[in-house]
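A.B. asks: Structure in structure tokens, see below.
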Amino acid sequence: MTLQLVTQRTSYRGLLFCVIPIVLSGCSSSGNSLGLLSERSDLIDAARAVRATTPAPLPRELDKHPTEAYVVEPGDGLLVLPAELDSPVRLPSDQTVLLDGTIDLGKYGRPVVSGKTVEEIEKIVNASVAGKSKEASFVSVRLINRVTKRYYVLGEVHTPGAFTLQGSETVLDGIMAAGGLNTAASQKEIILVRPSHPEGCRTVLAICYPEIVQLGDTSTNYQLRPGDRIYVATKSFLEGLHKAPCVTCTGPHHACQFAGN
């Protein structure tokens with residue numbers, strides 16, 4: 001009987017030593033508090049090293065800026081119509097930009113429109129039509145389906161993925177579009193990453209989520225731009241115990257990170 005009790009106690013003690021490191025390792029991306037079922041979403045050392053720790057001088061919730069002129073890419077949709085109802089010009093009106101960057105204007109050709117603004121495309125279309133029809137009236141081009149300008153929400157949110165950018169979204173809008181933070185999410189290690197060229201400076205901005213939602217602080221609620229990535233890391237076990245202020249509220253920043261924005 002005594003030997004059996006000793007054996008059970010030894011087994012429980014061994015189990016306890018196995019469980020404690022798992023708990024201390026944090027939460028899983030699925031919200032499982034023991035981190036047993038999925039991999040963690042952690043900030044890599046390089047991202048943490050260049051993360052700006054003071055708000056950047058960029059457009060944000062109460063200071064939104066219009067985005068640059070929309071550049072059409074394959075997959076976007078255009079509406080091409082003569083401005084006058086009695087125009088002799090007949091065109092396929094609904095145009096989806098093809099993979100090779102062209103649109104099909106029937107007998108008026110297949111001009112390349114990818115990489116151009118709507119204003120530039122309108123000039124190209126009118127030049128193509130005028131070259132084959134002397135009685136051609138003005139042809140209007142409108143953008144009706146914007147699918148190629150996206151932002152991404154990744155990590156510890158309920159529905160991570162790519163989302164079509166309308167132009168006025170902020171970081172908070174992006175997180176809400178992804179279903180909000182899940183139970184495994186860190187509220188202190190959320191970053192906004194702006195794409196850059198391989199040889200360019202990195203833009204990695206820390207997001208002060210508790211201050212945004214509880215204090216209405218817009219300092220880090222940046223306006224999103226095409227290609228932005230919002231990344232929500234997994235909280236550590238100790239984060240739930242220690243209620244420290246967000247890292248973005250104090251510290252220096254690297255001016256190089258804001259170049260070219």
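Scheme for the structure tokens: letters A, B, ... for chains in order shown; per-chain residue numbers from 1; ligand numbers from 1 in order shown.
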Using DSSP on the backbone coordinates, identify all residues within range 70-213 of chain A classified as alpha helix (DSSP H); present the result as a count of residues only.
C.D. replies: 25
A.B. asks: Can you pull out every residue within 7 Å of Ile230 in chain A, counting only C-alpha atoms, but drop anything in the same chain fewer than 5 positions away, and send it as a ChimeraX atom specification?
C.D. replies: /A:152-154,191-193
A.B. asks: Find the residues around Arg51 in chain A up to 8 Å (only C-alpha atoms counted), leave out those fewer than 2 positions away in its own chain, and share them as an MDAnalysis selection string.
C.D. replies: chainID A and resid 47:49 53 191 203:206
A.B. asks: Between A:Arg40, A:Pro88, A:Leu172, A:Leu181, which one has atoms that come closest to Ser236 in chain A, using only C-alpha atoms?
C.D. replies: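 Among the listed residues, the smallest separation from Ser236 in chain A belongs to A:Arg40.
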A.B. asks: For Glu189 in chain A, which residue among A:Ile44, A:Val139, A:Leu224, A:Leu85 is the nearest when counting only C-alpha atoms?
C.D. replies: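 When distances to Glu189 in chain A are compared using only C-alpha atoms, the smallest one comes from A:Ile44.
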A.B. asks: Using only C-alpha atoms, determine which residues lie at most 12 Å from Lys132 in chain A, disregarding the query and same-chain residues fewer than 5 positions distant; provide the list as a list in words.
C.D. replies: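 Final neighbour list, sorted by chain and number: Pro88, Val89, Arg90, Leu105, Gly106, Lys107, Tyr108, Gly109, Val125, Asn126, Ala127 and Ser137 of chain A.
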A.B. asks: Mind dumping the selected residues with N, CA and C atoms as a PDB file, in the first residue's frame?
C.D. replies:
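Result file is out11.pdb:
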```pdb
ATOM      1  N   PRO A  88     -22.068  56.183 -82.112  1.00  0.00           N
ATOM      2  CA  PRO A  88     -21.983  54.984 -82.964  1.00  0.00           C
ATOM      3  C   PRO A  88     -21.003  53.942 -82.423  1.00  0.00           C
ATOM      4  N   VAL A  89     -20.246  54.309 -81.410  1.00  0.00           N
ATOM      5  CA  VAL A  89     -19.242  53.395 -80.856  1.00  0.00           C
ATOM      6  C   VAL A  89     -19.915  52.336 -79.999  1.00  0.00           C
ATOM      7  N   ARG A  90     -19.585  51.095 -80.260  1.00  0.00           N
ATOM      8  CA  ARG A  90     -20.109  49.989 -79.469  1.00  0.00           C
ATOM      9  C   ARG A  90     -18.929  49.233 -78.857  1.00  0.00           C
ATOM     10  N   LEU A 105     -11.348  45.518 -76.173  1.00  0.00           N
ATOM     11  CA  LEU A 105     -12.247  46.526 -76.740  1.00  0.00           C
ATOM     12  C   LEU A 105     -12.833  46.093 -78.071  1.00  0.00           C
ATOM     13  N   GLY A 106     -12.821  44.802 -78.347  1.00  0.00           N
ATOM     14  CA  GLY A 106     -13.373  44.316 -79.608  1.00  0.00           C
ATOM     15  C   GLY A 106     -12.544  44.785 -80.778  1.00  0.00           C
ATOM     16  N   LYS A 107     -13.193  45.397 -81.770  1.00  0.00           N
ATOM     17  CA  LYS A 107     -12.480  45.830 -82.983  1.00  0.00           C
ATOM     18  C   LYS A 107     -11.527  46.997 -82.715  1.00  0.00           C
ATOM     19  N   TYR A 108     -11.620  47.573 -81.534  1.00  0.00           N
ATOM     20  CA  TYR A 108     -10.739  48.708 -81.208  1.00  0.00           C
ATOM     21  C   TYR A 108      -9.435  48.267 -80.533  1.00  0.00           C
ATOM     22  N   GLY A 109      -9.254  46.958 -80.387  1.00  0.00           N
ATOM     23  CA  GLY A 109      -7.980  46.468 -79.910  1.00  0.00           C
ATOM     24  C   GLY A 109      -7.987  46.011 -78.460  1.00  0.00           C
ATOM     25  N   VAL A 125      -7.976  54.471 -74.076  1.00  0.00           N
ATOM     26  CA  VAL A 125      -9.184  53.951 -74.724  1.00  0.00           C
ATOM     27  C   VAL A 125      -9.678  54.909 -75.795  1.00  0.00           C
ATOM     28  N   ASN A 126      -9.737  56.182 -75.485  1.00  0.00           N
ATOM     29  CA  ASN A 126     -10.218  57.168 -76.462  1.00  0.00           C
ATOM     30  C   ASN A 126      -9.293  57.253 -77.673  1.00  0.00           C
ATOM     31  N   ALA A 127      -7.978  57.104 -77.449  1.00  0.00           N
ATOM     32  CA  ALA A 127      -7.043  57.113 -78.574  1.00  0.00           C
ATOM     33  C   ALA A 127      -7.260  55.879 -79.449  1.00  0.00           C
ATOM     34  N   SER A 137     -17.378  59.522 -80.295  1.00  0.00           N
ATOM     35  CA  SER A 137     -17.539  60.506 -79.237  1.00  0.00           C
ATOM     36  C   SER A 137     -16.692  60.075 -78.033  1.00  0.00           C
TER      37      SER A 137
END
```
